[in-house]
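Student: work-v1.cif is reproduced below (mmCIF, N, CA and C atoms and all ligand atoms).
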```cif
data_coords
#
loop_
_atom_site.label_atom_id
_atom_site.label_comp_id
_atom_site.auth_asym_id
_atom_site.auth_seq_id
_atom_site.Cartn_x
_atom_site.Cartn_y
_atom_site.Cartn_z
N MET A 17 131.80 67.82 39.81
CA MET A 17 130.52 67.77 40.52
C MET A 17 130.41 68.89 41.55
N LEU A 18 131.52 69.16 42.25
CA LEU A 18 131.46 70.19 43.29
C LEU A 18 132.51 71.25 43.02
N ALA A 19 132.22 72.44 43.42
CA ALA A 19 133.14 73.56 43.17
C ALA A 19 133.48 74.22 44.48
N PRO A 20 134.50 75.06 44.47
CA PRO A 20 134.82 75.81 45.69
C PRO A 20 133.63 76.65 46.11
N PRO A 21 133.60 77.08 47.36
CA PRO A 21 132.47 77.88 47.84
C PRO A 21 132.26 79.12 46.99
N ARG A 22 131.04 79.52 46.89
CA ARG A 22 130.71 80.78 46.22
C ARG A 22 129.52 81.37 46.95
N LEU A 23 129.25 82.61 46.67
CA LEU A 23 128.09 83.24 47.29
C LEU A 23 126.82 82.50 46.89
N MET A 24 125.96 82.27 47.83
CA MET A 24 124.72 81.57 47.53
C MET A 24 123.53 82.50 47.72
N SER A 25 123.74 83.76 47.57
CA SER A 25 122.65 84.70 47.82
C SER A 25 122.31 85.52 46.59
N SER A 26 122.75 85.08 45.41
CA SER A 26 122.42 85.82 44.19
C SER A 26 120.93 85.76 43.94
N PRO A 27 120.40 86.79 43.29
CA PRO A 27 118.97 86.75 42.98
C PRO A 27 118.66 85.66 41.96
N VAL A 28 117.43 85.19 41.99
CA VAL A 28 117.00 84.18 41.02
C VAL A 28 116.97 84.83 39.64
N ALA A 29 117.49 84.07 38.67
CA ALA A 29 117.67 84.65 37.35
C ALA A 29 116.34 84.89 36.63
N SER A 30 115.37 84.00 36.82
CA SER A 30 114.17 84.13 36.01
C SER A 30 112.92 84.05 36.87
N SER A 31 111.97 84.94 36.60
CA SER A 31 110.64 84.90 37.17
C SER A 31 110.59 84.62 38.67
N PRO A 32 111.30 85.39 39.48
CA PRO A 32 111.30 85.10 40.91
C PRO A 32 109.91 85.23 41.53
N SER A 33 109.03 86.01 40.89
CA SER A 33 107.70 86.21 41.47
C SER A 33 106.90 84.92 41.51
N LEU A 34 107.27 83.94 40.70
CA LEU A 34 106.55 82.66 40.71
C LEU A 34 106.83 81.87 41.97
N LEU A 35 107.96 82.15 42.59
CA LEU A 35 108.35 81.39 43.77
C LEU A 35 108.10 82.26 45.00
N PRO A 36 107.14 81.89 45.85
CA PRO A 36 106.86 82.71 47.03
C PRO A 36 108.11 82.84 47.90
N PRO A 37 108.24 83.95 48.60
CA PRO A 37 109.45 84.19 49.41
C PRO A 37 109.77 83.03 50.35
N GLU A 38 108.73 82.42 50.92
CA GLU A 38 109.00 81.34 51.89
C GLU A 38 109.57 80.08 51.22
N LEU A 39 109.50 80.03 49.88
CA LEU A 39 110.07 78.87 49.17
C LEU A 39 111.40 79.20 48.50
N GLN A 40 111.88 80.41 48.67
CA GLN A 40 113.17 80.77 48.10
C GLN A 40 114.26 80.40 49.10
N LEU A 41 115.22 79.59 48.65
CA LEU A 41 116.26 79.08 49.55
C LEU A 41 117.56 79.86 49.45
N GLY A 42 117.66 80.77 48.50
CA GLY A 42 118.86 81.60 48.40
C GLY A 42 120.00 80.95 47.66
N GLU A 43 119.77 79.79 47.09
CA GLU A 43 120.79 79.14 46.25
C GLU A 43 120.28 79.27 44.83
N PRO A 44 121.00 80.01 43.97
CA PRO A 44 120.42 80.41 42.69
C PRO A 44 120.01 79.26 41.77
N VAL A 45 120.84 78.21 41.71
CA VAL A 45 120.51 77.09 40.82
C VAL A 45 119.23 76.41 41.29
N THR A 46 119.13 76.20 42.59
CA THR A 46 117.95 75.54 43.15
C THR A 46 116.72 76.42 43.00
N ASP A 47 116.85 77.70 43.29
CA ASP A 47 115.69 78.59 43.17
C ASP A 47 115.22 78.69 41.72
N ALA A 48 116.14 78.69 40.78
CA ALA A 48 115.74 78.73 39.36
C ALA A 48 115.02 77.44 38.98
N MET A 49 115.54 76.31 39.47
CA MET A 49 114.91 75.01 39.18
C MET A 49 113.51 74.97 39.79
N HIS A 50 113.37 75.48 40.99
CA HIS A 50 112.07 75.47 41.66
C HIS A 50 111.09 76.44 41.01
N THR A 51 111.61 77.54 40.51
CA THR A 51 110.74 78.49 39.78
C THR A 51 110.15 77.80 38.55
N GLU A 52 110.99 77.04 37.87
CA GLU A 52 110.51 76.33 36.67
C GLU A 52 109.52 75.23 37.06
N PHE A 53 109.75 74.57 38.17
CA PHE A 53 108.81 73.56 38.68
C PHE A 53 107.43 74.19 38.82
N VAL A 54 107.39 75.34 39.47
CA VAL A 54 106.11 76.03 39.71
C VAL A 54 105.50 76.50 38.39
N ARG A 55 106.33 77.05 37.51
CA ARG A 55 105.81 77.56 36.23
C ARG A 55 105.18 76.43 35.40
N LEU A 56 105.87 75.30 35.33
CA LEU A 56 105.35 74.19 34.51
C LEU A 56 104.10 73.58 35.15
N LEU A 57 104.06 73.57 36.47
CA LEU A 57 102.85 73.06 37.13
C LEU A 57 101.68 74.02 36.91
N ASP A 58 101.97 75.31 36.92
CA ASP A 58 100.92 76.30 36.61
C ASP A 58 100.41 76.12 35.18
N LEU A 59 101.32 75.83 34.25
CA LEU A 59 100.89 75.61 32.86
C LEU A 59 99.98 74.39 32.78
N ALA A 60 100.32 73.34 33.51
CA ALA A 60 99.46 72.15 33.52
C ALA A 60 98.10 72.50 34.13
N HIS A 61 98.12 73.28 35.19
CA HIS A 61 96.87 73.70 35.84
C HIS A 61 95.97 74.45 34.86
N ASP A 62 96.57 75.30 34.04
CA ASP A 62 95.80 76.15 33.13
C ASP A 62 95.48 75.46 31.81
N ALA A 63 96.07 74.29 31.57
CA ALA A 63 95.87 73.60 30.29
C ALA A 63 94.44 73.05 30.20
N PRO A 64 93.85 73.10 29.02
CA PRO A 64 92.56 72.42 28.84
C PRO A 64 92.76 70.91 28.93
N ASP A 65 91.68 70.19 29.13
CA ASP A 65 91.78 68.73 29.29
C ASP A 65 92.59 68.08 28.16
N ALA A 66 92.35 68.51 26.93
CA ALA A 66 93.01 67.87 25.78
C ALA A 66 94.53 68.05 25.81
N ALA A 67 95.00 69.05 26.54
CA ALA A 67 96.44 69.33 26.59
C ALA A 67 97.06 68.94 27.93
N LEU A 68 96.26 68.34 28.81
CA LEU A 68 96.75 68.09 30.17
C LEU A 68 97.88 67.06 30.21
N VAL A 69 97.74 65.96 29.47
CA VAL A 69 98.79 64.93 29.49
C VAL A 69 100.10 65.52 28.96
N GLY A 70 100.02 66.26 27.88
CA GLY A 70 101.22 66.86 27.32
C GLY A 70 101.88 67.81 28.31
N ALA A 71 101.08 68.60 28.99
CA ALA A 71 101.63 69.55 29.97
C ALA A 71 102.25 68.81 31.15
N LEU A 72 101.60 67.75 31.57
CA LEU A 72 102.17 66.96 32.68
C LEU A 72 103.46 66.27 32.24
N ASP A 73 103.51 65.83 31.00
CA ASP A 73 104.74 65.19 30.51
C ASP A 73 105.92 66.16 30.54
N VAL A 74 105.65 67.41 30.20
CA VAL A 74 106.73 68.42 30.25
C VAL A 74 107.17 68.63 31.70
N TRP A 75 106.18 68.73 32.59
CA TRP A 75 106.50 68.90 34.02
C TRP A 75 107.28 67.68 34.54
N ILE A 76 106.85 66.48 34.17
CA ILE A 76 107.52 65.25 34.65
C ILE A 76 108.97 65.21 34.15
N ALA A 77 109.19 65.55 32.88
CA ALA A 77 110.56 65.51 32.33
C ALA A 77 111.46 66.50 33.08
N HIS A 78 110.95 67.70 33.31
CA HIS A 78 111.74 68.69 34.04
C HIS A 78 111.98 68.25 35.48
N THR A 79 110.97 67.70 36.09
CA THR A 79 111.08 67.29 37.50
C THR A 79 112.04 66.12 37.66
N ARG A 80 112.06 65.21 36.69
CA ARG A 80 113.05 64.12 36.75
C ARG A 80 114.47 64.69 36.81
N GLU A 81 114.73 65.67 35.98
CA GLU A 81 116.08 66.27 35.96
C GLU A 81 116.35 67.05 37.24
N HIS A 82 115.35 67.79 37.70
CA HIS A 82 115.45 68.55 38.96
C HIS A 82 115.81 67.61 40.11
N PHE A 83 115.07 66.53 40.24
CA PHE A 83 115.30 65.60 41.35
C PHE A 83 116.65 64.89 41.18
N ALA A 84 116.96 64.49 39.94
CA ALA A 84 118.23 63.78 39.71
C ALA A 84 119.41 64.68 40.05
N GLN A 85 119.29 65.96 39.75
CA GLN A 85 120.38 66.88 40.06
C GLN A 85 120.59 66.98 41.57
N GLU A 86 119.51 67.14 42.32
CA GLU A 86 119.64 67.20 43.77
C GLU A 86 120.26 65.91 44.31
N GLU A 87 119.84 64.78 43.73
CA GLU A 87 120.36 63.50 44.22
C GLU A 87 121.85 63.35 43.90
N ARG A 88 122.28 63.86 42.76
CA ARG A 88 123.72 63.83 42.45
C ARG A 88 124.50 64.69 43.44
N TRP A 89 123.97 65.86 43.76
CA TRP A 89 124.65 66.73 44.73
C TRP A 89 124.76 66.03 46.09
N MET A 90 123.63 65.47 46.54
CA MET A 90 123.63 64.86 47.87
C MET A 90 124.56 63.66 47.92
N GLU A 91 124.62 62.91 46.84
CA GLU A 91 125.50 61.74 46.78
C GLU A 91 126.95 62.21 46.86
N ALA A 92 127.26 63.25 46.11
CA ALA A 92 128.64 63.77 46.09
C ALA A 92 129.04 64.29 47.47
N LEU A 93 128.07 64.86 48.20
CA LEU A 93 128.34 65.41 49.53
C LEU A 93 128.22 64.35 50.62
N GLU A 94 127.76 63.15 50.22
CA GLU A 94 127.47 62.08 51.20
C GLU A 94 126.58 62.62 52.31
N PHE A 95 125.58 63.35 51.89
CA PHE A 95 124.63 63.97 52.83
C PHE A 95 123.78 62.86 53.48
N GLY A 96 123.76 62.84 54.81
CA GLY A 96 123.14 61.74 55.55
C GLY A 96 121.73 61.38 55.12
N PRO A 97 120.80 62.35 55.13
CA PRO A 97 119.40 62.02 54.83
C PRO A 97 119.08 61.91 53.34
N ARG A 98 120.11 61.66 52.52
CA ARG A 98 119.86 61.70 51.06
C ARG A 98 118.90 60.61 50.60
N HIS A 99 118.89 59.47 51.29
CA HIS A 99 118.01 58.38 50.82
C HIS A 99 116.55 58.69 51.14
N CYS A 100 116.33 59.30 52.30
CA CYS A 100 114.97 59.73 52.66
C CYS A 100 114.49 60.81 51.68
N HIS A 101 115.36 61.76 51.39
CA HIS A 101 115.03 62.84 50.46
C HIS A 101 114.71 62.25 49.07
N ALA A 102 115.58 61.37 48.60
CA ALA A 102 115.37 60.77 47.28
C ALA A 102 114.10 59.92 47.27
N GLY A 103 113.77 59.32 48.41
CA GLY A 103 112.54 58.53 48.49
C GLY A 103 111.31 59.40 48.27
N GLN A 104 111.34 60.62 48.80
CA GLN A 104 110.22 61.54 48.56
C GLN A 104 110.13 61.90 47.08
N HIS A 105 111.28 62.11 46.45
CA HIS A 105 111.29 62.38 45.00
C HIS A 105 110.65 61.21 44.24
N ARG A 106 111.11 60.01 44.55
CA ARG A 106 110.62 58.82 43.84
C ARG A 106 109.12 58.68 44.00
N HIS A 107 108.65 58.88 45.22
CA HIS A 107 107.22 58.72 45.50
C HIS A 107 106.40 59.73 44.69
N ALA A 108 106.83 60.98 44.69
CA ALA A 108 106.09 62.02 43.96
C ALA A 108 106.04 61.70 42.47
N LEU A 109 107.17 61.31 41.91
CA LEU A 109 107.18 60.99 40.47
C LEU A 109 106.37 59.74 40.16
N HIS A 110 106.40 58.78 41.07
CA HIS A 110 105.63 57.55 40.86
C HIS A 110 104.13 57.86 40.81
N VAL A 111 103.66 58.62 41.78
CA VAL A 111 102.23 58.97 41.82
C VAL A 111 101.86 59.80 40.59
N ALA A 112 102.71 60.77 40.24
CA ALA A 112 102.43 61.61 39.07
C ALA A 112 102.35 60.76 37.80
N GLY A 113 103.22 59.77 37.70
CA GLY A 113 103.20 58.89 36.52
C GLY A 113 101.94 58.04 36.46
N LEU A 114 101.51 57.55 37.61
CA LEU A 114 100.27 56.75 37.66
C LEU A 114 99.07 57.60 37.23
N VAL A 115 99.00 58.80 37.75
CA VAL A 115 97.87 59.69 37.41
C VAL A 115 97.94 60.10 35.94
N ARG A 116 99.13 60.40 35.47
CA ARG A 116 99.31 60.75 34.05
C ARG A 116 98.76 59.63 33.16
N ASP A 117 99.06 58.38 33.51
CA ASP A 117 98.57 57.25 32.70
C ASP A 117 97.06 57.10 32.82
N GLU A 118 96.52 57.38 33.99
CA GLU A 118 95.06 57.32 34.17
C GLU A 118 94.35 58.36 33.29
N ILE A 119 94.97 59.51 33.16
CA ILE A 119 94.39 60.55 32.29
C ILE A 119 94.47 60.08 30.83
N ALA A 120 95.66 59.58 30.45
CA ALA A 120 95.87 59.21 29.05
C ALA A 120 94.98 58.03 28.64
N GLN A 121 94.82 57.07 29.55
CA GLN A 121 94.12 55.84 29.18
C GLN A 121 92.63 55.88 29.52
N ASN A 122 92.26 56.59 30.56
CA ASN A 122 90.87 56.54 31.03
C ASN A 122 90.24 57.93 31.18
N ALA A 123 90.90 58.94 30.62
CA ALA A 123 90.36 60.31 30.65
C ALA A 123 90.01 60.77 32.06
N ARG A 124 90.85 60.41 33.04
CA ARG A 124 90.59 60.80 34.43
C ARG A 124 91.17 62.21 34.69
N PHE A 125 90.54 63.18 34.03
CA PHE A 125 91.00 64.55 34.20
C PHE A 125 90.81 65.03 35.65
N ASP A 126 89.79 64.49 36.30
CA ASP A 126 89.56 64.86 37.70
C ASP A 126 90.77 64.50 38.56
N LEU A 127 91.34 63.31 38.31
CA LEU A 127 92.53 62.91 39.06
C LEU A 127 93.70 63.83 38.75
N GLY A 128 93.81 64.21 37.49
CA GLY A 128 94.89 65.11 37.09
C GLY A 128 94.80 66.44 37.81
N ARG A 129 93.61 66.98 37.89
CA ARG A 129 93.43 68.28 38.57
C ARG A 129 93.74 68.15 40.06
N ARG A 130 93.33 67.03 40.62
CA ARG A 130 93.62 66.82 42.05
C ARG A 130 95.12 66.67 42.28
N LEU A 131 95.75 65.95 41.38
CA LEU A 131 97.21 65.77 41.48
C LEU A 131 97.93 67.11 41.52
N ILE A 132 97.54 68.01 40.64
CA ILE A 132 98.23 69.31 40.57
C ILE A 132 98.10 70.06 41.90
N GLY A 133 96.92 70.05 42.47
CA GLY A 133 96.73 70.70 43.77
C GLY A 133 97.58 70.05 44.85
N GLU A 134 97.62 68.72 44.84
CA GLU A 134 98.39 68.02 45.87
C GLU A 134 99.89 68.20 45.67
N LEU A 135 100.30 68.28 44.40
CA LEU A 135 101.73 68.51 44.14
C LEU A 135 102.17 69.87 44.64
N ARG A 136 101.31 70.86 44.54
CA ARG A 136 101.66 72.19 45.05
C ARG A 136 101.90 72.12 46.56
N GLU A 137 101.02 71.42 47.26
CA GLU A 137 101.18 71.30 48.72
C GLU A 137 102.43 70.49 49.05
N TRP A 138 102.59 69.38 48.31
CA TRP A 138 103.74 68.51 48.55
C TRP A 138 105.04 69.30 48.34
N PHE A 139 105.08 70.08 47.28
CA PHE A 139 106.29 70.83 46.93
C PHE A 139 106.64 71.83 48.03
N ALA A 140 105.66 72.56 48.52
CA ALA A 140 105.93 73.55 49.56
C ALA A 140 106.54 72.87 50.78
N PHE A 141 105.97 71.74 51.18
CA PHE A 141 106.50 71.02 52.34
C PHE A 141 107.90 70.49 52.05
N HIS A 142 108.08 69.92 50.87
CA HIS A 142 109.37 69.32 50.51
C HIS A 142 110.48 70.38 50.48
N VAL A 143 110.18 71.53 49.90
CA VAL A 143 111.20 72.59 49.82
C VAL A 143 111.57 73.08 51.21
N LYS A 144 110.55 73.26 52.08
CA LYS A 144 110.82 73.81 53.41
C LYS A 144 111.54 72.82 54.32
N THR A 145 111.46 71.54 53.99
CA THR A 145 112.11 70.53 54.84
C THR A 145 113.32 69.94 54.12
N MET A 146 113.09 69.06 53.17
CA MET A 146 114.18 68.32 52.54
C MET A 146 115.17 69.21 51.78
N ASP A 147 114.64 70.04 50.89
CA ASP A 147 115.55 70.88 50.10
C ASP A 147 116.26 71.90 50.98
N SER A 148 115.54 72.44 51.95
CA SER A 148 116.14 73.41 52.85
C SER A 148 117.30 72.78 53.64
N MET A 149 117.11 71.56 54.11
CA MET A 149 118.19 70.87 54.84
C MET A 149 119.39 70.63 53.92
N MET A 150 119.10 70.27 52.68
CA MET A 150 120.18 70.01 51.71
C MET A 150 121.00 71.29 51.49
N ILE A 151 120.32 72.40 51.29
CA ILE A 151 121.03 73.66 51.06
C ILE A 151 121.78 74.09 52.33
N GLY A 152 121.16 73.87 53.49
CA GLY A 152 121.83 74.18 54.75
C GLY A 152 123.13 73.40 54.89
N HIS A 153 123.09 72.13 54.49
CA HIS A 153 124.29 71.30 54.56
C HIS A 153 125.36 71.82 53.61
N MET A 154 124.95 72.24 52.43
CA MET A 154 125.92 72.81 51.48
C MET A 154 126.58 74.05 52.08
N ARG A 155 125.77 74.87 52.74
CA ARG A 155 126.34 76.09 53.35
C ARG A 155 127.32 75.73 54.45
N GLU A 156 126.93 74.75 55.29
CA GLU A 156 127.79 74.36 56.41
C GLU A 156 129.12 73.81 55.93
N THR A 157 129.07 73.06 54.83
CA THR A 157 130.30 72.44 54.33
C THR A 157 131.05 73.36 53.39
N GLY A 158 130.42 74.51 53.04
CA GLY A 158 131.11 75.47 52.18
C GLY A 158 131.24 75.03 50.76
N VAL A 159 130.38 74.10 50.36
CA VAL A 159 130.46 73.58 49.00
C VAL A 159 129.19 73.97 48.25
N ALA A 160 129.37 74.45 47.04
CA ALA A 160 128.22 74.82 46.23
C ALA A 160 128.18 73.91 44.99
N PRO A 161 127.00 73.68 44.50
CA PRO A 161 126.87 72.75 43.35
C PRO A 161 127.31 73.37 42.04
N VAL A 162 127.77 72.52 41.17
CA VAL A 162 128.03 72.92 39.78
C VAL A 162 127.05 72.14 38.91
N VAL A 163 126.43 72.80 37.96
CA VAL A 163 125.47 72.09 37.10
C VAL A 163 126.13 71.68 35.82
FE FE B 1 114.00 70.64 44.80
FE FE B 2 114.25 67.65 46.71
#
```
Before anything else, please render the file you have as structure tokens.
Ligand SMILES: [Fe+2]
Ligand SMILES: [Fe+2]

Tutor:
Amino acid sequence: MLAPPRLMSSPVASSPSLLPPELQLGEPVTDAMHTEFVRLLDLAHDAPDAALVGALDVWIAHTREHFAQEERWMEALEFGPRHCHAGQHRHALHVAGLVRDEIAQNARFDLGRRLIGELREWFAFHVKTMDSMMIGHMRETGVAPVV
């Protein structure tokens, strides 16, 4: 689960331009995961109504793994605020799932579009607070994640 310290300042492997500088945390695995979060959310944003549920399902599947990975790291590090952090993950996925079902069952594309906008704002705040603290703790303890 955890490896000896390594440099955490490598460049992001894929599409760094998708992740604004203020959301880059300098940990390559996390930055790559966050780049994909943004890319898949952009795809959902650009999807026509008929493809919106499918695009959100792809984003949800990726985000489940993204969040689960962070939670495994925090658990392994016994990081103090991990339950609060994981609570934010759970809440975001819960709301996204509810809206996804509203689109699928009641064609509430308006809710889907609103969700995407709110997820972008939520993500920026979450990365700058929760994820940033998590990476800071990894740096302080000299431990880097293994995927
Ligand atoms: Fe994250
Ligand atoms: Fe997180």

Student: Find the residues near segment 117-125 of chain A: any atom within 10 Å, counting only C-alpha atoms, skip ones fewer than 4 places away on the same chain, and give them as an mmCIF file with N, CA and C atoms, in the frame of the given file.

Tutor:
```cif
data_model
loop_
_atom_site.group_PDB
_atom_site.id
_atom_site.type_symbol
_atom_site.label_atom_id
_atom_site.label_comp_id
_atom_site.auth_asym_id
_atom_site.auth_seq_id
_atom_site.Cartn_x
_atom_site.Cartn_y
_atom_site.Cartn_z
ATOM 1 N N PRO A 64 93.850 73.100 29.020
ATOM 2 C CA PRO A 64 92.560 72.420 28.840
ATOM 3 C C PRO A 64 92.760 70.910 28.930
ATOM 4 N N ASP A 65 91.680 70.190 29.130
ATOM 5 C CA ASP A 65 91.780 68.730 29.290
ATOM 6 C C ASP A 65 92.590 68.080 28.160
ATOM 7 N N ALA A 66 92.350 68.510 26.930
ATOM 8 C CA ALA A 66 93.010 67.870 25.780
ATOM 9 C C ALA A 66 94.530 68.050 25.810
ATOM 10 N N LEU A 68 96.260 68.340 28.810
ATOM 11 C CA LEU A 68 96.750 68.090 30.170
ATOM 12 C C LEU A 68 97.880 67.060 30.210
ATOM 13 N N VAL A 69 97.740 65.960 29.470
ATOM 14 C CA VAL A 69 98.790 64.930 29.490
ATOM 15 C C VAL A 69 100.100 65.520 28.960
ATOM 16 N N GLY A 70 100.020 66.260 27.880
ATOM 17 C CA GLY A 70 101.220 66.860 27.320
ATOM 18 C C GLY A 70 101.880 67.810 28.310
ATOM 19 N N VAL A 111 103.660 58.620 41.780
ATOM 20 C CA VAL A 111 102.230 58.970 41.820
ATOM 21 C C VAL A 111 101.860 59.800 40.590
ATOM 22 N N ALA A 112 102.710 60.770 40.240
ATOM 23 C CA ALA A 112 102.430 61.610 39.070
ATOM 24 C C ALA A 112 102.350 60.760 37.800
ATOM 25 N N GLY A 113 103.220 59.770 37.700
ATOM 26 C CA GLY A 113 103.200 58.890 36.520
ATOM 27 C C GLY A 113 101.940 58.040 36.460
ATOM 28 N N ARG A 129 93.610 66.980 37.890
ATOM 29 C CA ARG A 129 93.430 68.280 38.570
ATOM 30 C C ARG A 129 93.740 68.150 40.060
ATOM 31 N N ARG A 130 93.330 67.030 40.620
ATOM 32 C CA ARG A 130 93.620 66.820 42.050
ATOM 33 C C ARG A 130 95.120 66.670 42.280
ATOM 34 N N LEU A 131 95.750 65.950 41.380
ATOM 35 C CA LEU A 131 97.210 65.770 41.480
ATOM 36 C C LEU A 131 97.930 67.110 41.520
#
```

Student: From the options A:Arg98, A:His107, A:Arg116, A:His142, which residue's atoms come nearest to ligand FE 1 (chain B), counting only N, CA and C atoms and all ligand atoms?

Tutor: A:His142

Student: To one decimal place in Å, what is the distance between atom C of Glu87 of chain A and atom CA of Glu52 of chain A?

Tutor: 18.7 Å

Student: How close does chain A get to ligand FE 1 (chain B)? List, as a tab-separated table, each residue of chain A within 12 Å, its nearest atom pair and the distance in Å to one decimal, counting only C-alpha atoms and all ligand atoms.

Tutor:
```
residue	atom	partner	partner_atom	distance
A:Leu39	CA	B:FE1	FE	10.1
A:Gln40	CA	B:FE1	FE	10.7
A:Leu41	CA	B:FE1	FE	9.9
A:Glu43	CA	B:FE1	FE	11.0
A:Pro44	CA	B:FE1	FE	11.9
A:Val45	CA	B:FE1	FE	10.0
A:Thr46	CA	B:FE1	FE	6.5
A:Asp47	CA	B:FE1	FE	8.3
A:Ala48	CA	B:FE1	FE	9.9
A:Met49	CA	B:FE1	FE	7.2
A:His50	CA	B:FE1	FE	6.1
A:Thr51	CA	B:FE1	FE	9.9
A:Glu52	CA	B:FE1	FE	10.5
A:Phe53	CA	B:FE1	FE	8.5
A:Val54	CA	B:FE1	FE	10.8
A:His78	CA	B:FE1	FE	11.2
A:Thr79	CA	B:FE1	FE	8.5
A:Arg80	CA	B:FE1	FE	10.4
A:Glu81	CA	B:FE1	FE	10.1
A:His82	CA	B:FE1	FE	6.4
A:Phe83	CA	B:FE1	FE	6.2
A:Ala84	CA	B:FE1	FE	9.5
A:Gln85	CA	B:FE1	FE	8.8
A:Glu86	CA	B:FE1	FE	6.7
A:Glu87	CA	B:FE1	FE	9.6
A:Trp89	CA	B:FE1	FE	11.3
A:Met90	CA	B:FE1	FE	11.6
A:His101	CA	B:FE1	FE	9.7
A:Ala102	CA	B:FE1	FE	10.3
A:Gln104	CA	B:FE1	FE	10.5
A:His105	CA	B:FE1	FE	8.7
A:Ala108	CA	B:FE1	FE	11.7
A:Trp138	CA	B:FE1	FE	11.1
A:Phe139	CA	B:FE1	FE	8.0
A:Ala140	CA	B:FE1	FE	9.8
A:Phe141	CA	B:FE1	FE	10.6
A:His142	CA	B:FE1	FE	7.5
A:Val143	CA	B:FE1	FE	6.1
A:Lys144	CA	B:FE1	FE	9.7
A:Thr145	CA	B:FE1	FE	10.2
A:Met146	CA	B:FE1	FE	8.1
A:Asp147	CA	B:FE1	FE	5.5
A:Ser148	CA	B:FE1	FE	8.8
A:Met149	CA	B:FE1	FE	10.9
A:Met150	CA	B:FE1	FE	9.3
A:Ile151	CA	B:FE1	FE	9.9
```

Student: To one decimal place in Å, what is the distance between atom N of Glu38 of chain A and atom C of Val115 of chain A?

Tutor: 29.0 Å

Student: What is the distance between atom C of Arg55 of chain A and atom CA of Leu93 of chain A, in Å to one decimal?

Tutor: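 Atom-to-atom, atom C of Arg55 of chain A and atom CA of Leu93 of chain A are spaced 29.3 Å apart.
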
Student: Smallest atom-to-atom distance to ligand FE 2 (chain B): which of A:His99, A:Thr157, A:Asp126, A:Gly133, using only C-alpha atoms and all ligand atoms?

Tutor: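 Smallest separation from ligand FE 2 (chain B) among the options: A:His99.
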
Student: Which one of A:Ile132, A:Ala60, A:Leu114, A:Leu109 sits closest to ligand FE 2 (chain B) if you count only C-alpha atoms and all ligand atoms?

Tutor: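 Closest to ligand FE 2 (chain B), using only C-alpha atoms and all ligand atoms: A:Leu109.
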
Student: Ranking A:Gly128, A:Gly158, A:Gly152, A:Gly103 by minimum distance to ligand FE 2 (chain B) and counting only C-alpha atoms and all ligand atoms, which one comes first?

Tutor: A:Gly103

Student: Grab all the atoms of segment 128-140 of chain A that the file lists, wrap them in a box along x, y and z, add 8 Å per side, and give me centre plus edge lengths in Å (one decimal) as lines of an AutoDock Vina configuration file.

Tutor:
```
center_x = 100.0
center_y = 68.9
center_z = 43.9
size_x = 29.3
size_y = 25.3
size_z = 29.7
```

Student: Between A:Glu134, A:Pro37, A:Arg106, A:Gly42, single out the one closest to ligand FE 2 (chain B), counting only C-alpha atoms and all ligand atoms.

Tutor: A:Arg106

Student: Which of chain A end up as strand (DSSP E or B) when DSSP is run on this backbone - answer as a PyMOL selection string?

Tutor: chain A and resi 18-19+160-161

Student: From the DSSP assignment of the backbone, select every residue of chain A that is helix (DSSP H, G or I), and format the answer as a ChimeraX atom specification.

Tutor: /A:32-34,37-39,44-62,65-93,98-122,125-157
